[in-house]
Every structure is written in C-alpha cells, then in structure tokens.
>>> print(open('target.cif').read())   # mmCIF, C-alpha atoms
data_query
#
loop_
_atom_site.label_atom_id
_atom_site.label_comp_id
_atom_site.auth_asym_id
_atom_site.auth_seq_id
_atom_site.Cartn_x
_atom_site.Cartn_y
_atom_site.Cartn_z
CA MET R 1 19.27 53.83 -14.62
CA ALA R 2 18.73 50.63 -16.59
CA THR R 3 19.13 50.76 -20.34
CA TRP R 4 17.46 48.46 -22.86
CA LYS R 5 15.57 46.99 -19.86
CA ASN R 6 18.81 45.15 -19.00
CA ALA R 7 18.34 42.98 -22.11
CA VAL R 8 21.80 43.94 -23.40
CA PRO R 9 24.83 43.17 -21.19
CA ASN R 10 26.51 46.28 -19.83
CA ARG R 11 30.23 46.84 -20.21
CA HIS R 12 31.15 45.12 -16.95
CA ARG R 13 28.95 42.09 -17.66
CA LEU R 14 30.28 41.81 -21.21
CA HIS R 15 33.83 41.82 -19.87
CA GLN R 16 32.89 39.10 -17.39
CA LEU R 17 31.28 36.94 -20.07
CA LYS R 18 34.36 37.18 -22.28
CA ARG R 19 36.60 36.35 -19.34
CA GLU R 20 34.48 33.29 -18.50
CA ALA R 21 34.63 32.14 -22.13
CA LEU R 22 38.40 32.46 -22.03
CA LEU R 23 38.63 30.45 -18.82
CA ARG R 24 36.41 27.69 -20.21
CA GLU R 25 38.51 27.41 -23.33
CA ALA R 26 41.76 27.44 -21.35
CA VAL R 27 40.55 24.67 -19.04
CA SER R 28 39.42 22.59 -21.99
CA ALA R 29 42.79 23.00 -23.68
CA PHE R 30 44.81 22.32 -20.52
CA ASN R 31 42.75 19.22 -19.78
CA GLN R 32 43.07 17.83 -23.29
CA LYS R 33 46.60 18.82 -24.30
CA GLY R 34 48.34 19.68 -21.04
CA PHE R 35 49.58 23.07 -19.91
CA HIS R 36 52.98 23.03 -21.62
CA ALA R 37 51.59 21.78 -24.93
CA THR R 38 48.94 24.51 -25.00
CA THR R 39 49.81 27.97 -26.28
CA LEU R 40 47.94 31.24 -25.99
CA ASP R 41 47.81 31.21 -29.79
CA ASP R 42 45.87 27.91 -29.61
CA ILE R 43 43.34 29.40 -27.21
CA ALA R 44 43.02 32.63 -29.16
CA THR R 45 42.47 30.77 -32.42
CA THR R 46 39.70 28.64 -30.92
CA LEU R 47 37.98 31.73 -29.55
CA GLY R 48 38.35 33.56 -32.86
CA VAL R 49 40.36 36.45 -31.42
CA THR R 50 43.95 37.64 -31.56
CA LYS R 51 46.56 36.60 -29.02
CA ALA R 52 46.92 40.26 -28.06
CA ALA R 53 43.23 40.34 -27.05
CA LEU R 54 43.89 37.74 -24.36
CA TYR R 55 46.39 40.00 -22.60
CA TYR R 56 43.53 42.32 -21.72
CA TYR R 57 42.31 39.62 -19.32
CA PHE R 58 45.50 37.79 -18.28
CA PRO R 59 49.14 38.88 -18.60
CA ASN R 60 50.43 35.39 -19.39
CA LYS R 61 49.59 31.68 -19.53
CA HIS R 62 50.68 31.05 -15.93
CA ALA R 63 48.26 33.68 -14.66
CA LEU R 64 45.53 31.98 -16.66
CA LEU R 65 46.35 28.59 -15.14
CA PHE R 66 46.31 30.10 -11.65
CA GLU R 67 42.84 31.54 -12.27
CA CYS R 68 41.63 28.16 -13.55
CA PHE R 69 42.69 26.52 -10.29
CA SER R 70 41.24 29.39 -8.26
CA GLU R 71 37.90 29.03 -10.02
CA ALA R 72 37.82 25.28 -9.44
CA LEU R 73 38.44 25.84 -5.73
CA ARG R 74 35.82 28.58 -5.56
CA VAL R 75 33.28 26.09 -6.90
CA ALA R 76 34.55 23.48 -4.44
CA PHE R 77 34.12 25.72 -1.40
CA LEU R 78 30.67 26.81 -2.55
CA ALA R 79 29.65 23.15 -2.75
CA LEU R 80 31.15 22.56 0.69
CA HIS R 81 29.20 25.39 2.32
CA ARG R 82 25.93 24.24 0.74
CA ALA R 83 26.53 20.69 1.97
CA ARG R 84 27.13 21.92 5.52
CA ASP R 85 23.82 23.76 5.43
CA ASN R 86 21.78 20.93 3.93
CA GLY R 87 23.41 17.64 4.96
CA LYS R 88 22.22 15.76 8.04
CA THR R 89 25.09 13.29 8.49
CA GLY R 90 28.77 13.29 7.71
CA LEU R 91 28.26 10.91 4.80
CA GLU R 92 25.43 13.00 3.37
CA LYS R 93 27.50 16.18 3.60
CA LEU R 94 30.40 14.49 1.82
CA GLN R 95 28.18 13.15 -0.94
CA LEU R 96 26.40 16.47 -1.40
CA THR R 97 29.75 18.25 -1.70
CA ILE R 98 31.02 15.89 -4.39
CA GLU R 99 27.78 16.01 -6.35
CA ALA R 100 27.43 19.80 -6.24
CA TYR R 101 31.07 20.33 -7.15
CA LEU R 102 30.95 18.06 -10.19
CA THR R 103 27.56 19.35 -11.33
CA VAL R 104 28.75 22.96 -11.47
CA ALA R 105 32.31 22.32 -12.54
CA LEU R 106 31.38 20.05 -15.45
CA GLY R 107 28.05 21.68 -16.31
CA GLU R 108 27.45 25.38 -15.83
CA LEU R 109 31.05 26.56 -15.79
CA SER R 110 33.07 23.69 -17.26
CA GLN R 111 36.01 25.15 -15.34
CA CYS R 112 37.31 22.16 -13.45
CA VAL R 113 41.02 22.01 -14.23
CA ILE R 114 42.65 18.64 -13.77
CA LEU R 115 45.00 18.76 -10.80
CA THR R 116 47.81 16.86 -12.49
CA GLU R 117 48.75 20.24 -13.97
CA GLU R 118 49.61 21.65 -10.54
CA HIS R 119 53.32 21.21 -11.28
CA ALA R 120 53.02 23.96 -13.90
CA LEU R 121 51.94 26.58 -11.37
CA LEU R 122 54.49 29.23 -10.45
CA PRO R 123 55.88 28.82 -6.90
CA GLU R 124 53.96 31.81 -5.55
CA HIS R 125 50.75 30.56 -7.17
CA ARG R 126 51.31 27.00 -5.99
CA GLU R 127 51.60 28.16 -2.40
CA VAL R 128 48.20 29.88 -2.56
CA ILE R 129 46.47 27.02 -4.32
CA PHE R 130 47.95 24.32 -2.09
CA LYS R 131 46.88 26.20 1.04
CA GLN R 132 43.29 26.45 -0.23
CA ARG R 133 43.28 22.86 -1.44
CA ASP R 134 44.55 21.61 1.92
CA GLU R 135 41.81 23.57 3.67
CA PHE R 136 39.17 22.03 1.41
CA GLU R 137 40.51 18.50 1.85
CA GLY R 138 40.67 19.07 5.60
CA ALA R 139 36.97 19.96 5.62
CA LEU R 140 36.19 16.77 3.70
CA ARG R 141 38.15 14.72 6.24
CA ASP R 142 36.10 16.40 8.96
CA PHE R 143 32.96 15.11 7.23
CA VAL R 144 34.42 11.60 7.37
CA ARG R 145 35.15 11.98 11.09
CA GLU R 146 31.66 13.35 11.64
CA GLY R 147 30.25 10.38 9.77
CA MET R 148 32.14 7.93 11.94
CA GLU R 149 30.76 9.65 15.03
CA ASP R 150 27.16 9.73 13.83
CA GLY R 151 27.31 6.18 12.49
CA SER R 152 26.88 6.95 8.79
CA ILE R 153 30.49 6.06 7.89
CA ILE R 154 32.47 2.94 8.83
CA PRO R 155 35.69 3.29 10.86
CA CYS R 156 38.46 4.26 8.44
CA ASP R 157 41.44 6.56 7.96
CA PRO R 158 39.91 9.93 6.91
CA ARG R 159 43.11 10.97 5.14
CA LEU R 160 43.23 7.85 2.96
CA ALA R 161 39.49 8.00 2.30
CA ILE R 162 39.61 11.59 1.05
CA PHE R 163 42.82 11.12 -0.94
CA SER R 164 41.11 8.27 -2.79
CA ILE R 165 37.76 9.98 -3.29
CA TYR R 166 39.12 13.44 -4.13
CA GLY R 167 41.65 11.93 -6.52
CA ALA R 168 38.90 10.15 -8.44
CA VAL R 169 36.77 13.31 -8.57
CA ASN R 170 39.60 15.41 -9.95
CA TRP R 171 40.33 12.91 -12.70
CA VAL R 172 36.81 13.21 -14.17
CA PRO R 173 37.61 16.17 -16.49
CA LYS R 174 40.23 14.02 -18.19
CA TRP R 175 37.64 11.64 -19.61
CA PHE R 176 34.23 13.34 -19.37
CA SER R 177 32.81 14.75 -22.58
CA HIS R 178 29.62 16.74 -23.11
CA LYS R 179 29.33 14.93 -26.43
CA GLY R 180 29.06 11.60 -24.65
CA LYS R 181 26.05 9.68 -23.38
CA TRP R 182 25.96 11.22 -19.89
CA ARG R 183 24.94 14.69 -18.75
CA ALA R 184 27.05 16.46 -16.12
CA ASP R 185 24.32 16.23 -13.47
CA GLN R 186 23.80 12.51 -14.13
CA LEU R 187 27.50 11.80 -13.80
CA ALA R 188 27.78 13.98 -10.68
CA ARG R 189 25.01 12.02 -8.96
CA ALA R 190 26.32 8.62 -10.02
CA MET R 191 29.93 9.40 -9.07
CA SER R 192 29.02 10.80 -5.66
CA GLU R 193 26.97 7.69 -4.84
CA LEU R 194 29.62 5.30 -6.14
CA LEU R 195 32.50 6.90 -4.25
CA CYS R 196 30.68 7.44 -0.96
CA ARG R 197 29.27 3.91 -0.99
CA SER R 198 32.80 2.62 -0.31
CA ILE R 199 32.81 4.10 3.21
CA SER R 200 29.09 4.02 3.99
CA ARG R 201 27.93 2.19 7.10
CA ASN R 202 24.78 1.11 5.26
CA PRO R 203 25.70 1.00 1.56
CA SER R 204 22.88 0.80 -0.95
CA PRO R 205 22.34 -2.75 -2.29
CA ALA R 206 22.75 -1.56 -5.89
CA LEU R 207 23.77 1.36 -8.05
CA SER R 208 22.36 2.55 -11.34
CA THR R 209 23.14 0.11 -14.14
CA ASP R 210 22.83 2.90 -16.72
CA VAL R 211 23.90 6.41 -15.71
CA SER R 212 22.14 7.90 -18.72
CA THR R 213 18.76 6.89 -17.27
CA LEU R 214 19.18 9.03 -14.15
CA MET R 215 17.01 12.10 -14.00
CA VAL R 216 18.17 14.53 -11.32
CA ASP R 217 15.82 17.10 -9.85
CA ILE R 218 18.24 19.95 -9.21
CA GLN R 219 15.81 21.88 -7.03
CA SER R 220 14.92 19.11 -4.60
CA GLY R 221 18.08 17.05 -4.96
CA LYS R 222 15.95 13.96 -5.53
CA MET R 223 16.66 11.41 -8.21
CA VAL R 224 14.36 9.15 -10.15
CA ALA R 225 15.14 6.56 -12.79
CA THR R 226 13.67 7.01 -16.23
CA THR R 227 13.18 4.33 -18.84
CA GLY R 228 14.77 6.26 -21.69
CA ALA R 229 18.37 5.78 -22.76
#
>>> encode(input="target.cif", output="structure tokens")
Amino acid sequence: MATWKNAVPNRHRLHQLKREALLREAVSAFNQKGFHATTLDDIATTLGVTKAALYYYFPNKHALLFECFSEALRVAFLALHRARDNGKTGLEKLQLTIEAYLTVALGELSQCVILTEEHALLPEHREVIFKQRDEFEGALRDFVREGMEDGSIIPCDPRLAIFSIYGAVNWVPKWFSHKGKWRADQLARAMSELLCRSISRNPSPALSTDVSTLMVDIQSGKMVATTGA
C-alpha cells in the first residue's frame, strides 16, 4: 500500500539516494584530489555527516573506489546496449555509445571516475574491473570492425582506434566542470562527433565552432545550433 501517495521516499529509496550522493561526492573528490590524497573524513565533511555514517554504506575507501568504477562501467554498458539497438552503422553505434556514456556519466549521475586511479584498486577488485573494461573495449572494437565492413569507417587498427578514443573519453572528468560554459549533453555530443570524425569514411566538413551553442534534443537524438552563447 502506497503512503503519502509516494511523494515521500520510502526507506529503501532514501537509502539509495544517500548512497548515490556519497558516490557522487567520492567521484568528485577522487577526480580532483586523487584517491590517496582523499580521505573518508574529507568526503564526510563535504556531505555534512560523520565518518562513521559512511561505514553504513561502504566498509572502507577501497570498497568505495570499486563501486565508483563499477558504476562507471554500468553506465558504459547501458550506453553500449542502447547504441546496438539504435545505430545503423558501426560508426553510428560507436558515436552513440560515446555520447550516451558521457551524457549520463557527466550529467545525471556525475559518477564517471577517471581511470588513472585504477592503480589504487585492490587486486581482487582490479581483476573484476579489468575484465569488464576489456569486454566493453572489445565491443567498441567490434563497432570499428563493423564500420570498416559497412563502409562507414576507414581501414584502421581497431585496437589503436579505441585506445585513443576511449582514453580521451575517460580523461574528460579531469577537466569538465558543471560551472563552466558547457552543459554535459553539449560536451557529450561535441566530443563524440570530434573523436569519431577521425576514423569516419565521410567526415563532416566542419564541427561546431562554439560547443555552448549546441542544443541537443535528448528524446530524438537530433541536434540543432542555437544563436545564444
């Protein structure tokens, strides 16, 4: 039976919201200061809670880092599956994956942990994350191969192409700021077009000269340029 017409979060949802807030703050701190320079006290202070309160959600900082990576990969695979369903060519599927991943990771969840912190993972955690990451990268390389077969991508080494593109994507959280001129969806669209243009068989003659003028229609996936700054 619903209470308060579901206007008030129930206990499970409230726990989930607090956990998501903790993850967002942890990712922000790890991205800005690095894993080793960040303490649970730092995160607790920013959230306005005690350090002891954090242990209700994660037993230690390494477990928190592992969950940050796991969440980033969950978002990545969700983007991948959507691209497979909606893309028509290998290039389009690759571009849709990159755009969807960045849009969600930088926008709705802000839980995209920079992968230069992978050295801080515990060995057992690293094994799990590396296996999932390799599977994701393998799927992206398959898109490149598909693109070469359907003519949307020029002949190239899929491994090198994805290492370069994926590396650039995972560096975005290091410099992107919600206080800056660009929205997450604008940057996601611009980055996906810029990176995929490098291997496109028929690259667009130009890219946006001002990312902040892009207006992305999330529902249709279409983009139009506005005149505002």
>>> closest_residue(input="target.cif", among="R:Glu99, R:Glu127, R:Glu25, R:Glu193", to="Thr45 (chain R)", atoms="all atoms listed in the file")
R:Glu25
>>> residues_around(input="target.cif", residues="Arg82 (chain R)", least_positions_apart="4", cutoff="8 Å", atoms="only C-alpha atoms", output="list in words")
Leu78, Asn86 and Thr97 of chain R
>>> resolve_selection(input="target.cif", expression="the PyMOL selection byres ((chain R and resi 34) around 12)", output="VMD selection string")
chain R and resid 26 to 33 35 to 39 65 113 to 120 174
>>> resolve_selection(input="target.cif", expression="the PyMOL selection byres ((chain R and resi 135-137) around 10)", output="ChimeraX atom specification")
/R:73,76-77,80,129-134,138-143,158-159,162-163,166
>>> write_last_selection(input="target.cif", atoms="C-alpha atoms", output="short mmCIF file (atom, residue, chain, number, x, y, z; two decimals), in the coordinates of the input")
data_model
loop_
_atom_site.label_atom_id
_atom_site.label_comp_id
_atom_site.auth_asym_id
_atom_site.auth_seq_id
_atom_site.Cartn_x
_atom_site.Cartn_y
_atom_site.Cartn_z
CA LEU R 73 38.44 25.84 -5.73
CA ALA R 76 34.55 23.48 -4.44
CA PHE R 77 34.12 25.72 -1.40
CA LEU R 80 31.15 22.56 0.69
CA ILE R 129 46.47 27.02 -4.32
CA PHE R 130 47.95 24.32 -2.09
CA LYS R 131 46.88 26.20 1.04
CA GLN R 132 43.29 26.45 -0.23
CA ARG R 133 43.28 22.86 -1.44
CA ASP R 134 44.55 21.61 1.92
CA GLY R 138 40.67 19.07 5.60
CA ALA R 139 36.97 19.96 5.62
CA LEU R 140 36.19 16.77 3.70
CA ARG R 141 38.15 14.72 6.24
CA ASP R 142 36.10 16.40 8.96
CA PHE R 143 32.96 15.11 7.23
CA PRO R 158 39.91 9.93 6.91
CA ARG R 159 43.11 10.97 5.14
CA ILE R 162 39.61 11.59 1.05
CA PHE R 163 42.82 11.12 -0.94
CA TYR R 166 39.12 13.44 -4.13
#
>>> closest_residue(input="target.cif", among="R:Leu23, R:Leu102, R:Leu187, R:Ile199", to="Glu71 (chain R)", atoms="all atoms listed in the file")
R:Leu23
>>> atom_distance(input="target.cif", atom1="CA of Ser192 (chain R)", atom2="CA of Ser212 (chain R)")
15.0 Å
>>> axis_aligned_box(input="target.cif", around="region 86-92 of chain R", padding_each_side="6 Å", output="lines of an AutoDock Vina configuration file")
center_x = 25.3
center_y = 15.9
center_z = 5.9
size_x = 19.0
size_y = 22.0
size_z = 17.1
>>> resolve_selection(input="target.cif", expression="the PyMOL selection byres ((chain R and resi 151) around 10)", output="MDAnalysis selection string")
chainID R and resid 89:91 145:150 152:155 200:202
>>> atom_distance(input="target.cif", atom1="CA of Ala21 (chain R)", atom2="CA of Ala105 (chain R)")
13.9 Å
>>> residues_around(input="target.cif", residues="Tyr57 (chain R)", least_positions_apart="6", cutoff="12 Å", atoms="only C-alpha atoms", output="list in words")
His15, Gln16, Leu17, Lys18, Arg19, Glu20, Ala21, Leu22, Leu23, Lys51, Ala63, Leu64 and Glu67 of chain R
>>> atom_distance(input="target.cif", atom1="CA of Lys179 (chain R)", atom2="CA of Val216 (chain R)")
18.8 Å
>>> residues_around(input="target.cif", residues="His178 (chain R)", least_positions_apart="2", cutoff="10 Å", atoms="all atoms listed in the file", output="list in words")
Leu106, Gly107, Ser110, Phe176, Gly180, Lys181, Trp182, Arg183 and Ala184 of chain R
>>> closest_residue(input="target.cif", among="R:Val144, R:Arg197, R:Leu54, R:Val75", to="Leu94 (chain R)", atoms="only C-alpha atoms")
R:Val144
